[in-house]
>>> print(open('final-v5.cif').read())   # mmCIF, C-alpha atoms
data_coords
loop_
_atom_site.label_atom_id
_atom_site.label_comp_id
_atom_site.auth_asym_id
_atom_site.auth_seq_id
_atom_site.Cartn_x
_atom_site.Cartn_y
_atom_site.Cartn_z
CA MET A 6 173.58 37.69 77.95
CA LYS A 7 175.94 40.60 77.52
CA ARG A 8 176.76 43.73 79.43
CA ILE A 9 176.31 46.86 77.37
CA PRO A 10 178.04 50.02 78.59
CA ILE A 11 175.90 53.13 78.22
CA VAL A 12 176.82 56.01 80.58
CA ALA A 13 173.87 58.29 79.87
CA ASN A 14 172.62 61.16 81.96
CA VAL A 15 169.03 60.17 82.67
CA LEU A 16 168.02 63.80 83.19
CA GLU A 17 169.38 64.73 79.77
CA TYR A 18 165.81 65.14 78.45
CA ASN A 19 165.12 67.89 80.96
CA GLN A 20 168.51 69.54 80.58
CA SER A 21 168.25 69.83 76.84
CA VAL A 22 164.89 71.61 77.21
CA ALA A 23 166.38 73.81 79.96
CA HIS A 24 169.06 74.75 77.45
CA ASP A 25 166.33 75.73 74.97
CA VAL A 26 164.65 77.82 77.68
CA ARG A 27 167.93 79.66 78.33
CA ARG A 28 168.35 80.36 74.65
CA ALA A 29 164.74 81.55 74.31
CA MET A 30 165.12 83.93 77.25
CA GLY A 31 168.30 85.44 75.90
CA SER A 32 170.92 87.41 77.75
CA HIS A 33 168.97 90.55 78.66
CA MET A 34 166.69 88.80 81.10
CA LEU A 35 167.35 87.28 84.52
CA ALA A 36 165.42 84.14 85.49
CA LEU A 37 165.13 83.02 89.11
CA ASN A 38 163.82 79.64 90.25
CA LEU A 39 162.30 80.04 93.73
CA LEU A 40 162.31 76.92 95.91
CA SER A 41 160.90 76.55 99.40
CA SER A 42 158.73 74.41 101.58
CA PRO A 43 155.03 75.33 101.61
CA GLY A 44 154.34 78.45 103.64
CA ALA A 45 157.86 79.90 103.71
CA GLY A 46 156.59 83.03 101.98
CA LYS A 47 157.53 82.70 98.30
CA THR A 48 154.35 84.31 97.03
CA THR A 49 154.47 87.16 99.54
CA LEU A 50 158.11 87.74 98.63
CA ILE A 51 157.15 87.93 94.94
CA GLU A 52 154.19 90.24 95.62
CA GLN A 53 156.32 92.66 97.57
CA THR A 54 159.21 92.44 95.11
CA ALA A 55 156.79 93.34 92.31
CA ALA A 56 155.46 96.29 94.31
CA ALA A 57 158.93 97.54 95.25
CA LEU A 58 160.42 97.26 91.75
CA LYS A 59 157.45 98.77 89.92
CA GLY A 60 158.66 101.33 87.39
CA GLU A 61 162.27 100.19 87.79
CA ILE A 62 162.48 96.54 86.76
CA ARG A 63 159.86 94.82 84.60
CA LEU A 64 158.90 91.62 86.35
CA ALA A 65 157.06 88.57 85.05
CA VAL A 66 156.12 85.50 87.05
CA ILE A 67 155.52 81.85 86.30
CA GLU A 68 153.50 80.24 89.09
CA GLY A 69 153.81 76.53 89.63
CA ASP A 70 151.14 75.02 91.85
CA LEU A 71 149.54 71.64 92.24
CA ALA A 72 146.14 73.27 91.95
CA THR A 73 144.28 76.61 92.12
CA THR A 74 145.24 80.05 90.83
CA LEU A 75 145.29 81.56 94.32
CA ASP A 76 148.98 82.53 94.18
CA ALA A 77 148.80 83.70 90.58
CA ASP A 78 145.84 85.95 91.38
CA ARG A 79 147.73 87.53 94.27
CA VAL A 80 150.76 88.24 92.12
CA ALA A 81 148.66 89.47 89.19
CA ALA A 82 147.05 92.01 91.52
CA GLN A 83 150.47 93.71 91.57
CA GLY A 84 150.08 94.37 87.86
CA VAL A 85 152.71 91.95 86.62
CA PRO A 86 152.11 89.34 83.90
CA VAL A 87 151.66 85.89 85.40
CA VAL A 88 151.48 82.50 83.74
CA GLN A 89 149.93 79.80 85.87
CA ILE A 90 151.13 76.23 85.52
CA ASN A 91 148.94 73.82 87.42
CA THR A 92 150.96 70.66 87.78
CA ASP A 93 147.78 68.77 88.69
CA GLY A 94 149.36 66.84 91.51
CA SER A 95 152.99 66.81 90.36
CA CYS A 96 155.55 67.76 92.98
CA HIS A 97 157.90 69.79 90.79
CA LEU A 98 158.17 71.89 87.65
CA GLU A 99 160.10 70.65 84.64
CA ALA A 100 161.81 72.64 81.92
CA ARG A 101 159.22 71.62 79.31
CA GLN A 102 156.49 73.32 81.35
CA VAL A 103 158.48 76.55 81.49
CA MET A 104 159.17 76.26 77.76
CA ALA A 105 155.42 75.93 77.16
CA ALA A 106 154.72 78.97 79.33
CA LEU A 107 157.29 81.30 77.71
CA PRO A 108 155.31 82.13 74.54
CA GLN A 109 152.64 83.65 76.77
CA LEU A 110 155.03 86.29 78.01
CA ARG A 111 156.38 89.17 75.95
CA LEU A 112 159.96 88.32 76.74
CA ASP A 113 161.35 91.53 75.24
CA HIS A 114 159.27 93.40 77.86
CA VAL A 115 160.64 91.43 80.80
CA ASP A 116 163.76 92.18 82.83
CA VAL A 117 163.37 89.59 85.57
CA LEU A 118 161.36 86.38 85.38
CA ILE A 119 160.57 84.73 88.69
CA ILE A 120 159.52 81.09 88.53
CA GLU A 121 157.73 80.09 91.72
CA ASN A 122 158.27 76.37 91.97
CA VAL A 123 155.91 73.98 93.71
CA GLY A 124 156.34 74.30 97.50
CA ASN A 125 158.72 71.42 98.11
CA LEU A 126 162.39 71.28 99.07
CA ILE A 127 163.14 67.82 97.67
CA CYS A 128 161.67 67.12 94.27
CA PRO A 129 162.32 70.35 92.34
CA THR A 130 166.06 70.42 93.03
CA GLU A 131 167.02 67.93 90.32
CA PHE A 132 165.15 69.76 87.56
CA ASP A 133 166.95 72.58 85.82
CA LEU A 134 164.29 74.98 84.51
CA GLY A 135 166.68 77.09 82.48
CA GLU A 136 167.04 79.59 85.31
CA ASP A 137 170.08 81.73 85.98
CA ALA A 138 169.90 81.13 89.71
CA LYS A 139 168.05 78.98 92.19
CA VAL A 140 166.92 80.96 95.22
CA VAL A 141 165.86 79.03 98.30
CA VAL A 142 163.38 80.76 100.57
CA THR A 143 163.29 79.46 104.09
CA SER A 144 161.72 81.04 107.15
CA LEU A 145 162.63 81.28 110.78
CA THR A 146 159.46 79.47 111.79
CA GLU A 147 160.75 76.33 110.04
CA GLY A 148 163.60 76.03 112.53
CA ASP A 149 167.31 75.71 111.82
CA ASP A 150 167.38 72.07 110.74
CA LYS A 151 166.05 72.43 107.19
CA PRO A 152 169.44 73.10 105.53
CA LEU A 153 170.72 69.85 107.04
CA LYS A 154 167.60 67.85 106.26
CA TYR A 155 167.26 69.09 102.68
CA PRO A 156 170.86 69.66 101.63
CA GLY A 157 170.20 69.24 97.90
CA ALA A 158 168.16 72.43 97.68
CA PHE A 159 170.47 74.45 99.89
CA VAL A 160 173.61 73.30 98.10
CA ALA A 161 172.12 74.27 94.73
CA ALA A 162 171.05 77.75 95.86
CA GLN A 163 172.85 80.85 94.59
CA ALA A 164 171.03 82.92 97.22
CA ILE A 165 169.11 81.97 100.35
CA VAL A 166 166.35 84.18 101.71
CA VAL A 167 165.48 83.81 105.39
CA ASN A 168 161.96 85.16 105.82
CA LYS A 169 159.88 86.02 108.91
CA ILE A 170 162.77 87.38 110.98
CA ASP A 171 160.26 89.68 112.72
CA LEU A 172 159.05 86.59 114.61
CA GLU A 173 162.45 85.95 116.16
CA PRO A 174 161.45 87.17 119.66
CA TYR A 175 158.72 84.51 119.78
CA LEU A 176 160.71 81.56 118.46
CA PRO A 177 163.25 79.21 120.03
CA VAL A 178 165.55 79.66 117.03
CA SER A 179 167.59 82.72 116.09
CA THR A 180 168.50 84.07 112.66
CA GLN A 181 172.15 83.54 113.60
CA GLU A 182 171.57 79.85 114.37
CA LEU A 183 169.89 79.41 111.01
CA ARG A 184 172.78 81.22 109.30
CA THR A 185 175.22 78.85 111.00
CA ALA A 186 173.23 75.82 109.84
CA ILE A 187 173.17 77.16 106.26
CA ALA A 188 176.92 77.79 106.37
CA THR A 189 177.64 74.13 107.08
CA ILE A 190 176.01 73.26 103.76
CA ASN A 191 176.56 76.30 101.56
CA ARG A 192 179.03 79.03 102.41
CA HIS A 193 179.11 80.94 99.17
CA ALA A 194 175.42 81.81 98.64
CA PRO A 195 174.50 85.12 100.26
CA VAL A 196 172.01 84.68 103.09
CA ILE A 197 169.45 87.47 102.96
CA ALA A 198 167.48 87.75 106.21
CA LEU A 199 164.30 89.74 105.87
CA SER A 200 160.72 90.17 106.93
CA CYS A 201 158.01 90.53 104.33
CA THR A 202 155.78 91.81 107.15
CA THR A 203 157.93 94.67 108.44
CA GLY A 204 160.09 95.18 105.35
CA ALA A 205 163.30 94.73 107.39
CA GLY A 206 166.14 93.54 105.18
CA PHE A 207 164.06 93.81 102.02
CA ASP A 208 166.42 96.32 100.42
CA VAL A 209 169.21 93.73 100.57
CA TRP A 210 167.04 91.34 98.54
CA LEU A 211 166.18 94.02 96.00
CA ASP A 212 169.87 94.93 95.68
CA TRP A 213 170.73 91.26 95.14
CA ILE A 214 168.22 91.13 92.25
CA ARG A 215 169.57 94.37 90.75
CA GLU A 216 173.15 93.10 90.97
CA ALA A 217 172.27 89.66 89.54
CA LEU A 218 170.50 91.34 86.60
CA ARG A 219 173.44 93.69 86.05
CA ALA A 220 175.90 90.76 86.18
CA LYS A 221 173.81 88.73 83.71
CA ARG A 222 173.69 91.61 81.23
CA ALA A 223 177.39 92.35 81.68
CA LYS A 224 178.08 88.85 80.30
CA MET A 225 176.50 89.85 76.96
CA MET B 17 144.99 74.97 75.89
CA CYS B 18 146.10 78.28 77.31
CA GLY B 19 143.94 81.38 77.66
CA TRP B 20 143.63 84.67 79.50
CA THR B 21 141.90 85.16 82.82
CA GLY B 22 142.51 88.70 83.90
CA PHE B 23 146.25 89.11 84.20
CA VAL B 24 146.73 85.42 84.70
CA LYS B 25 147.39 83.13 81.79
CA HIS B 26 147.01 79.42 82.22
CA CYS B 27 148.96 76.47 81.05
CA ALA B 28 147.05 73.23 81.24
CA PRO B 29 148.90 70.33 82.80
CA SER B 30 150.89 68.41 80.24
CA ALA B 31 149.49 65.11 79.06
CA GLN B 32 152.76 63.49 80.08
CA ARG B 33 152.63 64.79 83.63
CA CYS B 34 154.40 62.77 86.28
CA ASP B 35 153.12 62.88 89.84
CA VAL B 36 156.29 62.40 91.79
CA HIS B 37 159.79 63.14 90.69
CA GLU B 38 160.76 59.46 90.81
CA LEU B 39 158.04 58.72 88.24
CA ALA B 40 159.40 61.39 85.89
CA ILE B 41 162.93 60.11 86.32
CA THR B 42 161.91 56.46 85.98
CA GLN B 43 160.22 57.25 82.68
CA ALA B 44 163.47 58.85 81.56
CA ILE B 45 165.46 55.81 82.71
CA LEU B 46 163.16 53.51 80.75
CA ASP B 47 163.26 55.71 77.64
CA THR B 48 167.06 55.81 77.79
CA ALA B 49 167.31 52.05 78.30
CA LEU B 50 164.91 51.25 75.44
CA ARG B 51 166.77 53.57 73.09
CA HIS B 52 170.07 51.87 73.87
CA ALA B 53 168.50 48.42 73.67
CA GLU B 54 167.29 49.22 70.18
CA GLN B 55 170.70 50.54 69.15
CA ALA B 56 172.37 47.39 70.50
CA ARG B 57 169.76 45.21 68.79
CA VAL B 58 168.88 43.31 71.94
CA THR B 59 165.40 42.03 72.66
CA SER B 60 165.43 41.43 76.39
CA VAL B 61 166.88 43.68 79.09
CA HIS B 62 167.52 41.88 82.38
CA ALA B 63 169.29 44.48 84.48
CA LEU B 64 170.13 48.16 84.54
CA TYR B 65 173.07 49.64 86.43
CA LEU B 66 172.37 53.12 87.73
CA ARG B 67 174.30 55.69 89.72
CA LEU B 68 172.37 58.10 91.94
CA GLY B 69 173.76 61.25 93.51
CA GLU B 70 173.40 61.38 97.27
CA LEU B 71 172.03 64.91 97.00
CA SER B 72 169.42 64.01 94.39
CA GLY B 73 166.69 63.05 96.85
CA LEU B 74 165.78 60.01 94.73
CA ALA B 75 164.55 56.84 96.41
CA PRO B 76 165.74 53.58 94.75
CA ASP B 77 162.72 51.59 96.02
CA SER B 78 160.38 54.09 94.48
CA ILE B 79 162.24 54.01 91.14
CA GLN B 80 162.10 50.20 90.99
CA PHE B 81 158.37 50.33 91.85
CA TYR B 82 157.60 52.73 89.01
CA PHE B 83 159.94 50.90 86.65
CA ASP B 84 157.97 47.66 87.15
CA LEU B 85 154.78 49.50 86.20
CA LEU B 86 156.15 51.54 83.30
CA SER B 87 158.18 48.76 81.68
CA LYS B 88 155.23 46.40 81.26
CA GLY B 89 154.98 45.26 77.67
CA THR B 90 158.47 46.57 76.76
CA CYS B 91 161.66 44.58 76.27
CA ALA B 92 162.79 45.82 79.69
CA GLU B 93 159.82 44.36 81.56
CA GLY B 94 160.95 42.73 84.78
CA ALA B 95 164.47 44.16 84.62
CA GLN B 96 166.25 44.44 87.94
CA LEU B 97 167.65 47.87 88.75
CA HIS B 98 170.98 48.04 90.54
CA PHE B 99 171.84 51.28 92.27
CA GLU B 100 175.16 52.68 93.23
CA ARG B 101 175.28 55.94 95.16
CA PHE B 102 177.83 58.63 94.61
CA SER B 103 178.67 61.40 97.01
CA PRO B 104 179.54 65.01 96.41
CA ARG B 105 183.16 66.08 96.77
CA ALA B 106 184.25 68.87 99.05
CA ARG B 107 186.57 71.45 97.53
CA CYS B 108 188.48 73.65 99.94
CA ARG B 109 187.93 77.26 98.95
CA VAL B 110 191.23 78.24 100.54
CA CYS B 111 193.78 75.76 99.14
CA GLY B 112 191.71 74.11 96.40
CA ALA B 113 192.22 70.55 97.65
CA THR B 114 189.32 68.21 97.02
CA ARG B 115 188.26 65.14 98.93
CA GLY B 116 185.49 62.63 98.59
CA LEU B 117 182.85 62.70 101.28
CA ALA B 118 182.23 59.31 102.79
CA PHE B 119 178.61 58.63 103.45
CA ASP B 120 177.31 56.87 106.46
CA THR B 121 173.66 56.58 105.57
CA SER B 122 172.90 54.55 108.67
CA ALA B 123 174.03 57.35 110.92
CA ALA B 124 171.33 59.46 112.44
CA SER B 125 173.73 62.35 112.77
CA ALA B 126 173.17 65.64 111.02
CA TRP B 127 174.05 65.88 107.38
CA SER B 128 177.00 68.17 107.78
CA ARG B 129 178.54 65.76 110.26
CA ARG B 130 177.85 62.79 107.98
CA LEU B 131 179.50 64.69 105.19
CA GLY B 132 182.47 65.56 107.32
CA LEU B 133 182.00 69.20 106.42
CA LEU B 134 182.72 70.28 109.95
CA GLU B 135 186.22 68.80 109.73
CA SER B 136 189.06 71.02 108.67
CA CYS B 137 190.95 70.63 105.42
CA ALA B 138 194.61 69.57 105.60
CA CYS B 139 195.44 73.28 105.23
CA GLY B 140 193.71 73.97 108.54
CA LYS B 141 190.71 75.85 107.17
CA SER B 142 187.17 74.59 106.91
CA ASP B 143 185.64 76.55 104.08
CA PHE B 144 184.30 74.02 101.60
CA GLU B 145 182.02 74.00 98.65
CA LEU B 146 180.33 70.85 97.46
CA GLU B 147 180.80 69.60 93.93
CA GLY B 148 178.66 66.95 92.25
CA GLY B 149 176.58 64.44 94.14
CA THR B 150 173.50 65.15 92.06
CA GLY B 151 171.85 63.51 89.09
CA CYS B 152 171.10 60.02 87.90
CA PHE B 153 173.17 58.11 85.34
CA LEU B 154 172.53 54.88 83.49
CA ASP B 155 175.93 53.20 83.26
CA ALA B 156 175.20 49.84 81.70
CA MET B 157 172.62 47.18 80.99
CA GLU B 158 172.63 43.42 80.87
CA ALA B 159 170.66 42.19 77.90
CA GLU B 160 170.37 39.54 75.24
#
>>> encode(input="final-v5.cif", output="structure tokens")
Amino acid sequence: MKRIPIVANVLEYNQSVAHDVRRAMGSHMLALNLLSSPGAGKTTLIEQTAAALKGEIRLAVIEGDLATTLDADRVAAQGVPVVQINTDGSCHLEARQVMAALPQLRLDHVDVLIIENVGNLICPTEFDLGEDAKVVVTSLTEGDDKPLKYPGAFVAAQAIVVNKIDLEPYLPVSTQELRTAIATINRHAPVIALSCTTGAGFDVWLDWIREALRAKRAKM
Amino acid sequence: MCGWTGFVKHCAPSAQRCDVHELAITQAILDTALRHAEQARVTSVHALYLRLGELSGLAPDSIQFYFDLLSKGTCAEGAQLHFERFSPRARCRVCGATRGLAFDTSAASAWSRRLGLLESCACGKSDFELEGGTGCFLDAMEAE
């Protein structure tokens, strides 16, 4: 019996594909990986982002869902190209699935690609999809304990959207309390509080996308 | 495999789909171990030594469970997996000092308290960012 030193990154297989995804997407396009628990409002956020940026920024969407094309149909109704990945029970997207989806999009006609991950704050965090930024979407109705209970996702986020702030008068938690909880885990990601229902704060989100796209292209 | 339906294009689930993230990662652990076993010209792998990041959300029990299933019929069948956890480090954004974050996994206290992120840095500020603490690494194997 002998001990054989190895020191290998087990997730190397995913990271090498993520690297290929980055190369395939090039430097003109911004790719966002949206993570949230189910029901936080990822799809509504994407729908309204598509509507608001129409004619300004060319959006494309990759929808990851266990099953159904319900979300993809909603996003497609906004007139943006959508590729549906049904993970058929799997709890997360992997880079190889994004790589397989890319040929279905005319990448030279896309400014921003939004990848809607499977609704789950645990499993998707370890899988780099080749994105430029992970964006966590949380909502006020989930309470202020999610950043502390799911630190992996919140630590990895380059931006954190707090949705459903219009419900604040009816909830025992405030936007400020949720901001404080987020700050104990991640102080450098901007926290964008908004309501997809009233549109409050939505401009801040759109400006964040515009700035992230500008910054990506400035690196060219 | 993939065709148009209105605006929506479809990608069929991959044949090598993995239901939970531990299953996907366990398959990768096994593939990595078998590749190294072949390189080292060993025929029987008895143990694997793994390091898991505290932020990775990976459950050791679940990995061992899937490993027992996936390794059947390979030279790593029956191998015992040994896990060591590693924590993220906190880097002070004011003075740049870094410190390891001790984990007390038995504590029921909130994460930030467990991580000690509410404590101040030696410079008096408490503005940290976390580094590392994610991923899964195969460090070594025992084999013959």
>>> residues_near_point(input="final-v5.cif", point="(164.4, 53.6, 94.4)", cutoff="10 Å", atoms="only C-alpha atoms", output="NGL selection string")
:B and (38 or 42 or 68 or 74-83 or 97-99)
>>> write_last_selection(input="final-v5.cif", atoms="C-alpha atoms", output="PDB file, keeping the file's coordinate frame")
ATOM      1  CA  GLU B  38     160.760  59.460  90.810  1.00  0.00           C
ATOM      2  CA  THR B  42     161.910  56.460  85.980  1.00  0.00           C
ATOM      3  CA  LEU B  68     172.370  58.100  91.940  1.00  0.00           C
ATOM      4  CA  LEU B  74     165.780  60.010  94.730  1.00  0.00           C
ATOM      5  CA  ALA B  75     164.550  56.840  96.410  1.00  0.00           C
ATOM      6  CA  PRO B  76     165.740  53.580  94.750  1.00  0.00           C
ATOM      7  CA  ASP B  77     162.720  51.590  96.020  1.00  0.00           C
ATOM      8  CA  SER B  78     160.380  54.090  94.480  1.00  0.00           C
ATOM      9  CA  ILE B  79     162.240  54.010  91.140  1.00  0.00           C
ATOM     10  CA  GLN B  80     162.100  50.200  90.990  1.00  0.00           C
ATOM     11  CA  PHE B  81     158.370  50.330  91.850  1.00  0.00           C
ATOM     12  CA  TYR B  82     157.600  52.730  89.010  1.00  0.00           C
ATOM     13  CA  PHE B  83     159.940  50.900  86.650  1.00  0.00           C
ATOM     14  CA  LEU B  97     167.650  47.870  88.750  1.00  0.00           C
ATOM     15  CA  HIS B  98     170.980  48.040  90.540  1.00  0.00           C
ATOM     16  CA  PHE B  99     171.840  51.280  92.270  1.00  0.00           C
TER      17      PHE B  99
END
>>> resolve_selection(input="final-v5.cif", expression="the PyMOL selection byres ((chain A) within 7 of (chain B))", output="ChimeraX atom specification")
/A:6-16,77-78,81,86-97,106,127-128,131,153-154,156-157,189-192
>>> resolve_selection(input="final-v5.cif", expression="the PyMOL selection byres ((chain A and resi 214) around 12)", output="JSON, numbers by chain")
{"A": [34, 35, 36, 37, 51, 54, 55, 57, 58, 61, 62, 63, 64, 116, 117, 118, 119, 137, 138, 140, 163, 164, 166, 195, 197, 207, 208, 209, 210, 211, 212, 213, 215, 216, 217, 218, 219, 220, 221]}
>>> atom_distance(input="final-v5.cif", atom1="CA of Glu54 in chain B", atom2="CA of Asp133 in chain A")
28.1 Å
>>> resolve_selection(input="final-v5.cif", expression="the PyMOL selection byres ((chain A and resi 27) around 12)", output="PyMOL selection string")
chain A and resi 20-26+28-37+100-101+103-104+107+112+118+133-138
>>> axis_aligned_box(input="final-v5.cif", around="range 96-109 of chain A", padding_each_side="5 Å", output="lines of an AutoDock Vina configuration file")
center_x = 157.2
center_y = 75.7
center_z = 83.8
size_x = 19.2
size_y = 25.9
size_z = 28.4
>>> atom_distance(input="final-v5.cif", atom1="CA of Glu121 in chain A", atom2="CA of Pro43 in chain A")
11.3 Å
>>> closest_residue(input="final-v5.cif", among="A:Ala194, A:Gln53, A:Ile187, A:Asp70", to="Ile120 in chain A", atoms="only C-alpha atoms")
A:Asp70
>>> atom_distance(input="final-v5.cif", atom1="CA of Ala162 in chain A", atom2="CA of Glu147 in chain A")
17.6 Å
>>> residues_around(input="final-v5.cif", residues="Gly124 in chain A", least_positions_apart="6", cutoff="10 Å", atoms="all atoms listed in the file", output="PyMOL selection string")
chain A and resi 39-47+69-71+96-97
>>> write_last_selection(input="final-v5.cif", atoms="C-alpha atoms", output="short mmCIF file (atom, residue, chain, number, x, y, z; two decimals), keeping the file's coordinate frame")
data_model
loop_
_atom_site.label_atom_id
_atom_site.label_comp_id
_atom_site.auth_asym_id
_atom_site.auth_seq_id
_atom_site.Cartn_x
_atom_site.Cartn_y
_atom_site.Cartn_z
CA LEU A 39 162.30 80.04 93.73
CA LEU A 40 162.31 76.92 95.91
CA SER A 41 160.90 76.55 99.40
CA SER A 42 158.73 74.41 101.58
CA PRO A 43 155.03 75.33 101.61
CA GLY A 44 154.34 78.45 103.64
CA ALA A 45 157.86 79.90 103.71
CA GLY A 46 156.59 83.03 101.98
CA LYS A 47 157.53 82.70 98.30
CA GLY A 69 153.81 76.53 89.63
CA ASP A 70 151.14 75.02 91.85
CA LEU A 71 149.54 71.64 92.24
CA CYS A 96 155.55 67.76 92.98
CA HIS A 97 157.90 69.79 90.79
#
>>> residues_around(input="final-v5.cif", residues="Pro177 in chain A", least_positions_apart="3", cutoff="10 Å", atoms="only C-alpha atoms", output="list in words")
Leu145, Thr146, Gly148, Asp149, Glu173 and Pro174 of chain A
